[in-house]
$ cat entry06.cif   # mmCIF, C-alpha atoms
data_work
loop_
_atom_site.label_atom_id
_atom_site.label_comp_id
_atom_site.auth_asym_id
_atom_site.auth_seq_id
_atom_site.Cartn_x
_atom_site.Cartn_y
_atom_site.Cartn_z
CA MET O 1 52.24 78.45 106.61
CA VAL O 2 52.50 80.44 109.86
CA ILE O 3 53.98 83.44 108.02
CA THR O 4 51.24 83.21 105.39
CA ILE O 5 48.49 83.26 108.04
CA ALA O 6 50.20 86.14 109.86
CA LEU O 7 50.41 88.17 106.65
CA LEU O 8 46.78 87.35 105.89
CA ILE O 9 45.77 88.72 109.31
CA VAL O 10 47.88 91.84 108.78
CA GLY O 11 46.23 92.32 105.38
CA LEU O 12 42.74 92.02 106.89
CA ALA O 13 43.65 94.54 109.59
CA CYS O 14 44.94 97.01 106.97
CA LEU O 15 41.86 96.43 104.81
CA ILE O 16 39.36 97.00 107.63
CA GLY O 17 41.23 99.86 109.30
CA GLY O 18 42.01 101.55 106.00
CA ALA O 19 38.37 101.32 104.89
CA ASP O 20 37.22 103.04 108.08
CA VAL O 21 39.78 105.84 107.73
CA LEU O 22 38.99 106.28 104.03
CA ILE O 23 35.23 106.55 104.56
CA ARG O 24 35.71 109.08 107.37
CA GLY O 25 37.98 111.22 105.22
CA VAL O 26 35.77 111.13 102.13
CA SER O 27 32.55 111.85 104.04
CA ALA O 28 34.20 114.76 105.91
CA ILE O 29 35.44 116.31 102.67
CA ALA O 30 31.97 115.91 101.13
CA HIS O 31 30.47 117.60 104.20
CA ALA O 32 32.90 120.52 103.83
CA MET O 33 31.95 120.85 100.15
CA GLY O 34 28.28 121.25 101.01
CA VAL O 35 27.00 117.80 100.04
CA PRO O 36 23.62 117.26 101.76
CA PRO O 37 23.98 115.45 105.11
CA LEU O 38 21.42 112.81 104.08
CA VAL O 39 23.49 111.86 101.04
CA ILE O 40 26.69 111.69 103.10
CA GLY O 41 25.03 109.65 105.81
CA MET O 42 23.51 107.20 103.36
CA THR O 43 26.90 106.77 101.72
CA VAL O 44 28.58 106.10 105.06
CA VAL O 45 25.88 103.67 106.13
CA ALA O 46 25.75 101.82 102.79
CA PHE O 47 29.46 101.70 102.01
CA GLY O 48 31.06 101.94 105.44
CA THR O 49 31.02 98.42 106.87
CA SER O 50 31.03 96.73 103.44
CA THR O 51 34.07 98.58 102.05
CA PRO O 52 36.47 95.68 102.87
CA GLU O 53 34.32 93.27 100.82
CA LEU O 54 33.96 95.80 98.01
CA VAL O 55 37.70 96.44 97.63
CA LEU O 56 38.77 92.84 98.19
CA ASN O 57 36.31 91.31 95.73
CA THR O 58 36.80 93.99 93.09
CA VAL O 59 40.55 93.35 93.12
CA ALA O 60 39.94 89.58 93.13
CA ALA O 61 37.65 89.88 90.11
CA ALA O 62 40.21 92.02 88.26
CA ASN O 63 42.78 89.28 88.94
CA GLY O 64 40.41 86.58 87.70
CA GLU O 65 40.13 84.98 91.16
CA THR O 66 36.35 84.76 90.98
CA GLY O 67 36.09 81.63 93.11
CA LEU O 68 37.53 83.50 96.07
CA ALA O 69 35.26 86.49 95.36
CA PHE O 70 32.16 84.28 95.10
CA GLY O 71 33.00 82.52 98.37
CA ASN O 72 33.56 85.81 100.17
CA ILE O 73 30.36 87.48 98.93
CA ILE O 74 28.09 84.54 99.77
CA GLY O 75 30.02 83.68 102.94
CA ALA O 76 29.91 87.25 104.26
CA CYS O 77 26.13 87.36 103.78
CA ALA O 78 25.65 83.99 105.51
CA ILE O 79 27.89 85.05 108.41
CA ASN O 80 26.02 88.35 108.73
CA ILE O 81 22.85 86.39 109.50
CA GLY O 82 24.22 83.23 111.09
CA PHE O 83 26.95 84.83 113.19
CA VAL O 84 26.75 88.64 113.44
CA LEU O 85 22.96 88.80 113.87
CA ALA O 86 22.93 85.60 115.95
CA VAL O 87 25.63 86.76 118.38
CA THR O 88 24.00 90.18 118.70
CA ALA O 89 20.64 88.55 119.51
CA LEU O 90 22.35 86.38 122.14
CA ILE O 91 23.70 89.54 123.77
CA LYS O 92 20.35 91.33 123.61
CA PRO O 93 17.09 90.29 121.86
CA LEU O 94 16.52 92.44 118.78
CA LYS O 95 13.30 94.40 118.37
CA VAL O 96 12.22 94.43 114.71
CA GLN O 97 10.85 97.67 113.31
CA THR O 98 7.95 97.49 110.87
CA VAL O 99 9.86 99.51 108.25
CA LEU O 100 12.51 96.79 108.06
CA ILE O 101 9.86 94.15 107.39
CA VAL O 102 8.24 96.36 104.75
CA ARG O 103 11.38 97.64 102.96
CA GLU O 104 14.78 96.09 103.71
CA LEU O 105 13.87 92.45 104.38
CA PRO O 106 11.84 91.94 101.17
CA MET O 107 14.69 93.45 99.14
CA MET O 108 17.21 91.18 100.85
CA LEU O 109 15.03 88.14 100.08
CA LEU O 110 14.66 89.33 96.47
CA ALA O 111 18.44 89.76 96.18
CA THR O 112 19.01 86.27 97.58
CA ALA O 113 16.39 84.77 95.26
CA ALA O 114 18.03 86.54 92.29
CA ILE O 115 21.42 85.00 93.15
CA VAL O 116 19.82 81.54 93.54
CA VAL O 117 18.17 81.78 90.10
CA MET O 118 21.18 83.32 88.34
CA ALA O 119 23.50 80.66 89.76
CA GLU O 120 21.45 77.79 88.26
CA ASP O 121 22.17 78.11 84.53
CA ARG O 122 22.29 74.35 83.94
CA LEU O 123 18.64 74.01 84.92
CA SER O 124 17.78 76.23 81.96
CA GLY O 125 20.01 74.36 79.51
CA GLY O 126 23.35 76.08 80.14
CA ASP O 127 26.68 74.26 80.10
CA VAL O 128 27.96 75.68 83.38
CA ASP O 129 26.55 77.60 86.34
CA LYS O 130 27.86 81.15 86.10
CA LEU O 131 26.98 84.73 87.00
CA MET O 132 27.33 86.49 83.65
CA ARG O 133 27.89 90.20 82.98
CA ALA O 134 24.19 90.53 82.13
CA ASP O 135 23.40 89.09 85.57
CA GLY O 136 25.73 91.64 87.13
CA ILE O 137 23.97 94.49 85.34
CA MET O 138 20.60 93.18 86.56
CA LEU O 139 21.89 93.06 90.16
CA LEU O 140 23.15 96.64 89.88
CA LEU O 141 19.76 97.77 88.51
CA LEU O 142 18.01 96.12 91.46
CA PHE O 143 20.40 97.92 93.81
CA GLY O 144 19.54 101.21 92.08
CA VAL O 145 15.83 100.55 92.64
CA PHE O 146 16.44 99.84 96.32
CA LEU O 147 18.58 102.96 96.73
CA TYR O 148 15.95 105.12 95.01
CA TYR O 149 13.18 103.74 97.19
CA THR O 150 15.27 104.21 100.33
CA ILE O 151 16.07 107.84 99.48
CA PHE O 152 12.41 108.52 98.66
CA ALA O 153 11.27 107.05 101.99
CA SER O 154 13.99 108.88 103.93
CA LEU O 155 13.20 112.26 102.38
CA HIS O 156 9.62 111.88 103.55
CA GLY O 157 10.85 112.00 107.14
CA ARG O 158 10.05 108.61 108.57
CA LYS O 159 11.44 109.35 112.02
CA ASP O 160 10.90 105.83 113.30
CA ASP O 161 13.28 104.52 110.66
CA ALA O 162 16.46 103.02 112.14
CA PHE O 163 18.25 103.85 108.93
CA ILE O 164 17.57 107.58 109.37
CA THR O 165 18.66 107.36 113.01
CA GLU O 166 21.99 105.90 111.97
CA VAL O 167 22.37 108.53 109.22
CA GLU O 168 21.88 111.30 111.78
CA GLU O 169 24.52 109.75 114.05
CA GLN O 170 27.04 109.43 111.25
CA THR O 171 26.54 112.93 109.84
CA GLY O 172 26.90 114.47 113.28
CA LYS O 173 30.52 113.34 113.49
CA HIS O 174 31.96 115.53 110.75
CA ARG O 175 34.32 118.44 111.46
CA ARG O 176 36.01 120.85 109.08
CA ARG O 177 39.66 119.69 109.09
CA PRO O 178 40.61 119.69 105.39
CA ILE O 179 44.30 118.81 105.77
CA LEU O 180 43.61 115.97 108.19
CA ASP O 181 40.70 114.72 106.06
CA VAL O 182 42.88 114.60 102.93
CA ALA O 183 45.53 112.74 104.93
CA PHE O 184 42.83 110.25 106.01
CA ILE O 185 41.90 109.65 102.37
CA VAL O 186 45.51 109.09 101.29
CA ILE O 187 46.29 106.81 104.24
CA GLY O 188 43.00 104.96 103.80
CA LEU O 189 43.59 104.34 100.10
CA ALA O 190 47.12 103.08 100.75
CA ALA O 191 46.00 100.80 103.58
CA VAL O 192 43.00 99.42 101.67
CA GLY O 193 45.01 98.80 98.50
CA GLY O 194 47.94 97.23 100.30
CA GLY O 195 45.66 95.22 102.58
CA ALA O 196 43.66 93.83 99.66
CA ARG O 197 46.85 92.73 97.91
CA LEU O 198 48.19 91.09 101.07
CA VAL O 199 44.91 89.28 101.69
CA LEU O 200 44.55 87.98 98.14
CA THR O 201 48.17 86.89 97.76
CA ASN O 202 48.26 85.05 101.06
CA ALA O 203 44.73 83.63 100.78
CA VAL O 204 45.66 82.02 97.47
CA ALA O 205 48.96 80.80 98.95
CA LEU O 206 47.14 79.35 101.96
CA ALA O 207 44.57 77.61 99.77
CA THR O 208 47.35 76.12 97.61
CA ALA O 209 49.43 74.96 100.60
CA ALA O 210 46.44 73.43 102.38
CA GLY O 211 44.98 71.91 99.23
CA VAL O 212 41.72 73.77 99.80
CA PRO O 213 39.73 75.49 97.02
CA GLU O 214 39.94 79.29 97.02
CA ALA O 215 36.15 79.48 97.32
CA VAL O 216 36.29 77.67 100.68
CA ILE O 217 38.91 80.11 102.00
CA GLY O 218 36.72 82.98 100.79
CA PHE O 219 33.58 81.48 102.34
CA THR O 220 35.13 80.74 105.73
CA LEU O 221 38.29 82.57 106.79
CA LEU O 222 37.98 85.73 104.68
CA SER O 223 34.25 86.06 105.32
CA PHE O 224 34.76 86.02 109.07
CA GLY O 225 37.52 88.58 108.69
CA THR O 226 35.70 91.01 106.42
CA THR O 227 32.48 90.93 108.49
CA LEU O 228 34.25 92.18 111.63
CA PRO O 229 33.02 95.77 111.00
CA GLU O 230 29.41 94.53 110.88
CA LEU O 231 29.95 92.50 114.06
CA THR O 232 31.46 95.47 115.90
CA THR O 233 28.77 97.89 114.71
CA SER O 234 25.92 95.52 115.60
CA ILE O 235 27.24 94.66 119.07
CA LEU O 236 27.83 98.33 119.91
CA ALA O 237 24.34 99.23 118.69
CA ALA O 238 22.80 96.49 120.82
CA ARG O 239 24.77 97.56 123.90
CA ARG O 240 23.65 101.19 123.36
CA GLY O 241 20.05 100.02 123.41
CA GLN O 242 19.58 100.37 119.64
CA PRO O 243 19.12 96.74 118.55
CA ASP O 244 16.94 97.83 115.61
CA ILE O 245 20.01 99.50 114.07
CA ALA O 246 21.97 96.26 114.56
CA LEU O 247 19.36 94.30 112.61
CA GLY O 248 19.09 96.96 109.91
CA ASN O 249 22.88 96.99 109.57
CA VAL O 250 23.00 93.26 108.87
CA VAL O 251 20.11 93.25 106.39
CA GLY O 252 21.41 96.38 104.64
CA SER O 253 24.90 94.92 104.40
CA ASN O 254 23.55 91.78 102.74
CA ILE O 255 21.63 93.84 100.18
CA PHE O 256 24.78 95.81 99.43
CA ASN O 257 26.97 92.69 99.19
CA LEU O 258 24.64 90.71 96.93
CA LEU O 259 23.39 93.46 94.63
CA PHE O 260 26.18 96.03 94.46
CA ILE O 261 29.36 94.04 95.12
CA GLY O 262 28.00 90.92 93.39
CA GLY O 263 26.96 93.05 90.43
CA ILE O 264 30.30 94.86 90.21
CA VAL O 265 32.30 91.62 90.39
CA ALA O 266 30.15 89.88 87.75
CA VAL O 267 30.47 92.87 85.39
CA ILE O 268 34.27 92.96 85.81
CA HIS O 269 34.64 89.20 85.33
CA PRO O 270 31.88 86.54 84.95
CA ILE O 271 31.79 84.35 88.08
CA GLU O 272 31.78 80.61 87.51
CA ILE O 273 30.10 78.90 90.46
CA PRO O 274 32.84 76.79 92.12
CA PRO O 275 32.32 73.20 93.35
CA GLY O 276 30.17 73.32 96.45
CA GLY O 277 29.05 76.84 95.62
CA GLN O 278 25.44 75.79 95.17
CA LEU O 279 25.41 74.49 98.75
CA ASP O 280 26.78 77.83 99.95
CA VAL O 281 23.98 79.63 98.14
CA ALA O 282 21.46 77.15 99.58
CA LEU O 283 22.68 77.90 103.12
CA LEU O 284 22.29 81.62 102.51
CA ALA O 285 18.79 81.06 101.12
CA VAL O 286 17.79 79.02 104.20
CA LEU O 287 19.19 81.57 106.67
CA SER O 288 17.51 84.43 104.77
CA ALA O 289 14.18 82.62 104.58
CA LEU O 290 14.28 81.91 108.33
CA LEU O 291 14.41 85.64 109.01
CA LEU O 292 10.92 86.02 107.59
CA PRO O 293 9.00 84.01 110.23
CA ILE O 294 11.42 85.17 112.94
CA THR O 295 10.93 88.89 112.28
CA MET O 296 7.22 88.63 111.50
CA GLY O 297 6.35 86.72 114.66
CA ARG O 298 3.77 87.96 117.13
CA THR O 299 6.34 89.78 119.26
CA GLN O 300 8.50 90.98 116.33
CA VAL O 301 11.64 90.22 118.34
CA VAL O 302 14.66 88.12 117.40
CA SER O 303 15.01 86.17 120.64
CA ARG O 304 18.12 84.57 122.13
CA GLY O 305 16.77 81.14 121.21
CA GLU O 306 16.31 82.17 117.59
CA GLY O 307 19.78 83.71 117.57
CA LEU O 308 21.18 80.42 118.88
CA LEU O 309 19.37 78.50 116.13
CA LEU O 310 20.90 80.72 113.42
CA LEU O 311 24.34 80.41 115.01
CA VAL O 312 24.23 76.62 115.22
CA LEU O 313 23.04 76.28 111.62
CA ASN O 314 25.78 78.53 110.31
CA LEU O 315 28.67 77.13 112.37
CA SER O 316 27.61 73.55 111.60
CA TYR O 317 27.69 74.25 107.88
CA VAL O 318 31.00 76.14 108.06
CA ALA O 319 32.52 73.17 109.93
CA TYR O 320 31.15 70.78 107.30
CA ARG O 321 32.43 72.97 104.45
CA ALA O 322 35.91 73.22 105.92
CA TRP O 323 36.05 69.49 106.75
CA SER O 324 34.84 68.32 103.32
CA ALA O 325 37.13 70.63 101.32
#
$ encode --input "entry06.cif" --output "structure tokens"
Amino acid sequence: MVITIALLIVGLACLIGGADVLIRGVSAIAHAMGVPPLVIGMTVVAFGTSTPELVLNTVAAANGETGLAFGNIIGACAINIGFVLAVTALIKPLKVQTVLIVRELPMMLLATAAIVVMAEDRLSGGDVDKLMRADGIMLLLLFGVFLYYTIFASLHGRKDDAFITEVEEQTGKHRRRPILDVAFIVIGLAAVGGGARLVLTNAVALATAAGVPEAVIGFTLLSFGTTLPELTTSILAARRGQPDIALGNVVGSNIFNLLFIGGIVAVIHPIEIPPGGQLDVALLAVLSALLLPITMGRTQVVSRGEGLLLLVLNLSYVAYRAWSA
């Protein structure tokens, strides 16, 4: 058991570190090839912190381990709000920009609502609750709409947009070092691939040894592990006096996880909702819905008290989920 946990941690480290190195290498090569900085920056922002979830859940879906993938996708989104955002708000209250309320937050709520509806097939006469390939295609189409709208808004130069600010920061880091950049890509691919295999193998072994469903391991342990990039990015942004970027990072990551990763996984292999999965989705829906009155309050600030509320809700449910498994 101890060796299994140690290998799981090593796998997560390889997955997260490899994803960072891979994204840096790919974006630098694209910059050297003349790809527009806005496109590179948007790719880094959209894919950067969510690469561990993307690789891990794609491999899990290919292996037919959809329970683990479902738990990780929903769990990562819940932890983004109930842990990453909550902890960041406890460190420094988060000022909410109007553009986030107008653009990102409604799309995140729409993505969450889509998952809630798609995961309730039995209410419409189905035999089992499942995210089908058609559902996956619909999620990917919604992601395409969001991406198009985001690009359109960004190209019109909304300078108060935290997303554009982060894009400018990311694109300013590139240097022309072709040999080193190619090495980054190779090393990143190897680390991400090997890390994903280690994580999946040992997560399944841990679930079997502990008698816990794979979905619970995905929702709890793996979700905390794969959201470390979001936690690091958000805390650093808050400490730099850019809390709006921290909030945008969390909301954007949830959109990416639910629509893009959820869509990809469902297209690769239909996802049967595991036992307890509906409660996981319900928690995510509650946490997401709470963001609406919190961000649209009179002060438009996520306060420390509101961060504490989100944290307590999330940790209480995670404790319940782990205890009842």
$ residues_near_point --input "entry06.cif" --point "(12.2, 98.5, 98.8)" --cutoff "12 Å" --atoms "all atoms listed in the file" --output "PDB file with C-alpha atoms, keeping the file's coordinate frame"
ATOM      1  CA  VAL O  99       9.860  99.510 108.250  1.00  0.00           C
ATOM      2  CA  LEU O 100      12.510  96.790 108.060  1.00  0.00           C
ATOM      3  CA  ILE O 101       9.860  94.150 107.390  1.00  0.00           C
ATOM      4  CA  VAL O 102       8.240  96.360 104.750  1.00  0.00           C
ATOM      5  CA  ARG O 103      11.380  97.640 102.960  1.00  0.00           C
ATOM      6  CA  GLU O 104      14.780  96.090 103.710  1.00  0.00           C
ATOM      7  CA  LEU O 105      13.870  92.450 104.380  1.00  0.00           C
ATOM      8  CA  PRO O 106      11.840  91.940 101.170  1.00  0.00           C
ATOM      9  CA  MET O 107      14.690  93.450  99.140  1.00  0.00           C
ATOM     10  CA  MET O 108      17.210  91.180 100.850  1.00  0.00           C
ATOM     11  CA  LEU O 109      15.030  88.140 100.080  1.00  0.00           C
ATOM     12  CA  LEU O 110      14.660  89.330  96.470  1.00  0.00           C
ATOM     13  CA  ALA O 111      18.440  89.760  96.180  1.00  0.00           C
ATOM     14  CA  LEU O 142      18.010  96.120  91.460  1.00  0.00           C
ATOM     15  CA  PHE O 143      20.400  97.920  93.810  1.00  0.00           C
ATOM     16  CA  GLY O 144      19.540 101.210  92.080  1.00  0.00           C
ATOM     17  CA  VAL O 145      15.830 100.550  92.640  1.00  0.00           C
ATOM     18  CA  PHE O 146      16.440  99.840  96.320  1.00  0.00           C
ATOM     19  CA  LEU O 147      18.580 102.960  96.730  1.00  0.00           C
ATOM     20  CA  TYR O 148      15.950 105.120  95.010  1.00  0.00           C
ATOM     21  CA  TYR O 149      13.180 103.740  97.190  1.00  0.00           C
ATOM     22  CA  THR O 150      15.270 104.210 100.330  1.00  0.00           C
ATOM     23  CA  ILE O 151      16.070 107.840  99.480  1.00  0.00           C
ATOM     24  CA  PHE O 152      12.410 108.520  98.660  1.00  0.00           C
ATOM     25  CA  ALA O 153      11.270 107.050 101.990  1.00  0.00           C
ATOM     26  CA  SER O 154      13.990 108.880 103.930  1.00  0.00           C
ATOM     27  CA  GLY O 252      21.410  96.380 104.640  1.00  0.00           C
ATOM     28  CA  ILE O 255      21.630  93.840 100.180  1.00  0.00           C
TER      29      ILE O 255
END
$ residues_near_point --input "entry06.cif" --point "(25.0, 93.5, 93.4)" --cutoff "9 Å" --atoms "all atoms listed in the file" --output "list in words"
Ala111, Gly136, Ile137, Met138, Leu139, Leu140, Leu141, Leu142, Phe143, Ile255, Phe256, Asn257, Leu258, Leu259, Phe260, Ile261, Gly262, Gly263, Ile264, Val265 and Ala266 of chain O
$ closest_atom_pairs --input "entry06.cif" --of "region 217-259 of chain O" --to "region 196-207 of chain O" --cutoff "10 Å" --atoms "only C-alpha atoms" --output "tab-separated table"
residue	atom	partner	partner_atom	distance
O:Ile217	CA	O:Ala207	CA	6.6
O:Gly218	CA	O:Ala203	CA	8.0
O:Leu221	CA	O:Ala203	CA	8.9
O:Leu222	CA	O:Ala203	CA	8.1
$ resolve_selection --input "entry06.cif" --expression "the PyMOL selection byres ((chain O and resi 268-271) around 9)" --output "ChimeraX atom specification"
/O:58,61-67,69-70,129-133,135-136,263-267,272-274
$ closest_residue --input "entry06.cif" --among "O:Val250, O:Ala285, O:Leu311, O:Ile29" --to "Pro178 (chain O)" --atoms "all atoms listed in the file"
O:Ile29
$ atom_distance --input "entry06.cif" --atom1 "CA of Gly194 (chain O)" --atom2 "CA of Thr51 (chain O)"
14.0 Å
$ decode --input "entry06.cif" --residues "region 252-268 of chain O" --atoms "N, CA and C atoms" --output "PDB file, in the first residue's frame"
ATOM      1  N   GLY O 252     -12.224  29.537 -15.782  1.00  0.00           N
ATOM      2  CA  GLY O 252     -11.806  29.061 -17.096  1.00  0.00           C
ATOM      3  C   GLY O 252     -11.412  27.595 -17.081  1.00  0.00           C
ATOM      4  N   SER O 253     -10.752  27.168 -16.018  1.00  0.00           N
ATOM      5  CA  SER O 253     -10.356  25.773 -15.889  1.00  0.00           C
ATOM      6  C   SER O 253     -11.576  24.866 -15.810  1.00  0.00           C
ATOM      7  N   ASN O 254     -12.612  25.297 -15.106  1.00  0.00           N
ATOM      8  CA  ASN O 254     -13.829  24.491 -15.003  1.00  0.00           C
ATOM      9  C   ASN O 254     -14.533  24.371 -16.355  1.00  0.00           C
ATOM     10  N   ILE O 255     -14.559  25.458 -17.107  1.00  0.00           N
ATOM     11  CA  ILE O 255     -15.148  25.411 -18.447  1.00  0.00           C
ATOM     12  C   ILE O 255     -14.390  24.408 -19.303  1.00  0.00           C
ATOM     13  N   PHE O 256     -13.067  24.478 -19.256  1.00  0.00           N
ATOM     14  CA  PHE O 256     -12.225  23.581 -20.041  1.00  0.00           C
ATOM     15  C   PHE O 256     -12.427  22.124 -19.614  1.00  0.00           C
ATOM     16  N   ASN O 257     -12.456  21.880 -18.302  1.00  0.00           N
ATOM     17  CA  ASN O 257     -12.615  20.511 -17.800  1.00  0.00           C
ATOM     18  C   ASN O 257     -13.958  19.912 -18.199  1.00  0.00           C
ATOM     19  N   LEU O 258     -15.026  20.670 -18.001  1.00  0.00           N
ATOM     20  CA  LEU O 258     -16.363  20.130 -18.250  1.00  0.00           C
ATOM     21  C   LEU O 258     -16.656  19.980 -19.736  1.00  0.00           C
ATOM     22  N   LEU O 259     -16.349  21.012 -20.511  1.00  0.00           N
ATOM     23  CA  LEU O 259     -16.727  20.996 -21.923  1.00  0.00           C
ATOM     24  C   LEU O 259     -15.713  20.266 -22.796  1.00  0.00           C
ATOM     25  N   PHE O 260     -14.426  20.602 -22.665  1.00  0.00           N
ATOM     26  CA  PHE O 260     -13.442  20.005 -23.558  1.00  0.00           C
ATOM     27  C   PHE O 260     -13.026  18.609 -23.098  1.00  0.00           C
ATOM     28  N   ILE O 261     -12.542  18.504 -21.857  1.00  0.00           N
ATOM     29  CA  ILE O 261     -12.100  17.192 -21.375  1.00  0.00           C
ATOM     30  C   ILE O 261     -13.282  16.247 -21.238  1.00  0.00           C
ATOM     31  N   GLY O 262     -14.396  16.727 -20.659  1.00  0.00           N
ATOM     32  CA  GLY O 262     -15.589  15.889 -20.549  1.00  0.00           C
ATOM     33  C   GLY O 262     -16.072  15.438 -21.910  1.00  0.00           C
ATOM     34  N   GLY O 263     -16.037  16.344 -22.888  1.00  0.00           N
ATOM     35  CA  GLY O 263     -16.456  15.986 -24.244  1.00  0.00           C
ATOM     36  C   GLY O 263     -15.538  14.968 -24.883  1.00  0.00           C
ATOM     37  N   ILE O 264     -14.233  15.165 -24.757  1.00  0.00           N
ATOM     38  CA  ILE O 264     -13.258  14.233 -25.327  1.00  0.00           C
ATOM     39  C   ILE O 264     -13.418  12.840 -24.727  1.00  0.00           C
ATOM     40  N   VAL O 265     -13.524  12.776 -23.406  1.00  0.00           N
ATOM     41  CA  VAL O 265     -13.642  11.479 -22.722  1.00  0.00           C
ATOM     42  C   VAL O 265     -14.915  10.756 -23.154  1.00  0.00           C
ATOM     43  N   ALA O 266     -16.042  11.481 -23.210  1.00  0.00           N
ATOM     44  CA  ALA O 266     -17.312  10.857 -23.592  1.00  0.00           C
ATOM     45  C   ALA O 266     -17.288  10.367 -25.041  1.00  0.00           C
ATOM     46  N   VAL O 267     -16.601  11.089 -25.928  1.00  0.00           N
ATOM     47  CA  VAL O 267     -16.494  10.659 -27.322  1.00  0.00           C
ATOM     48  C   VAL O 267     -15.630   9.408 -27.436  1.00  0.00           C
ATOM     49  N   ILE O 268     -14.543   9.355 -26.666  1.00  0.00           N
ATOM     50  CA  ILE O 268     -13.658   8.182 -26.696  1.00  0.00           C
ATOM     51  C   ILE O 268     -14.369   6.953 -26.146  1.00  0.00           C
TER      52      ILE O 268
END
